[in-house]
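J.: One structure is given below, represented as structure tokens, and several questions about it will come after.
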Amino acid sequence: MFTSDTAKYKIIGICTSCVQSDYVRDIVSSISRKGVKEGYKVLLFNTFCDLYHNISYNHGEASIFDLINYDILDVLIIMPEAIKRDSISNEISKRAHEHGVPVICVDSTMDNCCSVTFNYSDVFEKIVRHVI
């Protein structure tokens, strides 16, 4: 929670990559709209490329996650499928847990996190059945 001179705010942090992609943008937008509607402020920590390749440029991009102030977060949402580097997602989660911040993992599973996953196989089965 963040406390200013005039108000207290609950804070949702979102860690992701490629917010410019339709998939990530839709999820982040939905979370943000609902959070704001419920009185939360939202902090977005985003890299503009996924971090799959272990190159120096990506190390610079990933440094955005070092700026997270876990002391003001009420919850942290991580999108590992967008970040595409488990070691980074796991480190973010570890730091959040060290600060007592609950972590929600979207579209993947991680140890000690609540997970929101999507069942793509049912969707593809329905599409195939529709086409056939």
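Please note that chains go A, B, ... in the order of the structure tokens, that every chain numbers its residues from 1, and that ligands are numbered from 1 in the order shown.
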Can you list, as a PyMOL selection string, every protein, DNA or RNA residue that comes within 10 Å of range 35-45 of chain A when you count only C-alpha atoms, leaving out same-chain residues fewer than 4 positions away?
T.: chain A and resi 1-2+8-17+19+28-31+62-68+73-74+76-78
J.: I'd like the contact shell of Val103 in chain A - 8 Å cut-off, only C-alpha atoms, skipping same-chain residues fewer than 4 positions apart - returned as a list in words.
T.: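 Surrounding residues, per the criterion: Val75, Leu76, Ile77, Ile78, Ser93, Ala96, His97, Asn112, Cys113 and Cys114 of chain A.
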J.: Can you list, as a list in words, every protein, DNA or RNA residue that comes within 9 Å of Met110 in chain A when you count only C-alpha atoms, leaving out same-chain residues fewer than 6 positions away?
T.: Pro80, Ser89, Asn90, Ser93 and Ile104 of chain A
J.: Limited to N, CA and C atoms, could you put the picked residues into a file as a PDB file, in the first residue's frame?
T.:
ATOM      1  N   PRO A  80       4.781 -15.149 -17.039  1.00  0.00           N
ATOM      2  CA  PRO A  80       5.978 -15.858 -17.508  1.00  0.00           C
ATOM      3  C   PRO A  80       5.941 -16.243 -18.985  1.00  0.00           C
ATOM      4  N   SER A  89      11.449 -14.774 -14.195  1.00  0.00           N
ATOM      5  CA  SER A  89      10.141 -14.865 -13.529  1.00  0.00           C
ATOM      6  C   SER A  89      10.286 -15.412 -12.117  1.00  0.00           C
ATOM      7  N   ASN A  90      11.124 -16.431 -11.952  1.00  0.00           N
ATOM      8  CA  ASN A  90      11.332 -17.025 -10.627  1.00  0.00           C
ATOM      9  C   ASN A  90      12.004 -16.046  -9.668  1.00  0.00           C
ATOM     10  N   SER A  93       9.414 -13.526  -8.512  1.00  0.00           N
ATOM     11  CA  SER A  93       8.536 -14.178  -7.535  1.00  0.00           C
ATOM     12  C   SER A  93       9.236 -14.327  -6.185  1.00  0.00           C
ATOM     13  N   ILE A 104       0.524 -13.709  -8.248  1.00  0.00           N
ATOM     14  CA  ILE A 104      -0.399 -14.404  -9.145  1.00  0.00           C
ATOM     15  C   ILE A 104       0.327 -14.602 -10.464  1.00  0.00           C
TER      16      ILE A 104
END
J.: Please list as an NGL selection string every residue within 12 Å of Leu51 in chain A, counting only C-alpha atoms and excluding residues in the same chain fewer than 4 positions away.
T.: :A and (16-18 or 46-47 or 55-63 or 80-89)
J.: With C-alpha atoms retained, could you export that selection as a compact mmCIF listing (two decimals), in the first residue's frame?
T.:
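See selection_18.txt below for the written result:
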# COMPACT_ATOMS: atom_id res chain seq x y z
CA THR A 16 5.40 -8.79 -18.37
CA SER A 17 7.06 -8.43 -21.75
CA CYS A 18 5.76 -7.26 -25.11
CA ASN A 46 7.40 -4.23 -19.10
CA THR A 47 10.19 -5.11 -21.48
CA ILE A 55 21.96 -11.58 -24.99
CA SER A 56 23.27 -8.34 -23.48
CA TYR A 57 20.39 -6.26 -24.88
CA ASN A 58 17.90 -8.46 -23.02
CA HIS A 59 19.90 -8.10 -19.80
CA GLY A 60 19.39 -4.35 -20.09
CA GLU A 61 15.69 -4.79 -20.81
CA ALA A 62 15.29 -7.12 -17.81
CA SER A 63 16.79 -4.53 -15.46
CA PRO A 80 5.98 -15.86 -17.51
CA GLU A 81 4.68 -16.89 -20.93
CA ALA A 82 5.28 -13.34 -22.15
CA ILE A 83 8.64 -12.93 -20.37
CA LYS A 84 9.88 -16.30 -21.72
CA ARG A 85 12.77 -16.69 -19.25
CA ASP A 86 11.91 -18.77 -16.20
CA SER A 87 14.96 -17.63 -14.24
CA ILE A 88 13.75 -14.02 -14.42
CA SER A 89 10.14 -14.86 -13.53
J.: So, with only C-alpha atoms as the atoms that count, which of A:Phe48, A:Gly100, A:His53, A:Thr117 lies closest to Ile72 in chain A?
T.: A:Gly100
J.: Enter the distance from CA of Lys94 in chain A to CA of Thr109 in chain A, in Å, rounded to one decimal.
T.: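 One can read the CA of Lys94 in chain A to CA of Thr109 in chain A distance as 14.2 Å.
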J.: If I take CA of His99 in chain A and CA of Ser4 in chain A, how far is one from the other in Å, to one decimal?
T.: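 So the answer is 20.6 Å.
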J.: Report, in Å to a single decimal, how far apart CA of Arg95 in chain A and CA of Asp26 in chain A are.
T.: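 Result for CA of Asp26 in chain A versus CA of Arg95 in chain A: 26.4 Å, one decimal.
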J.: For a quick check of understanding, using only C-alpha atoms, which of A:Val24, A:Met79, A:Lys34, A:Asn54 has the smallest distance to Ser108 in chain A?
T.: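 Of all the options, A:Met79 lies closest to Ser108 in chain A.
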J.: Excluding Phe118 in chain A and its own-chain neighbours fewer than 4 positions away, which residues fall within 10 Å of it when counting only C-alpha atoms? Please give them as a PyMOL selection string.
T.: chain A and resi 106-108+122-123
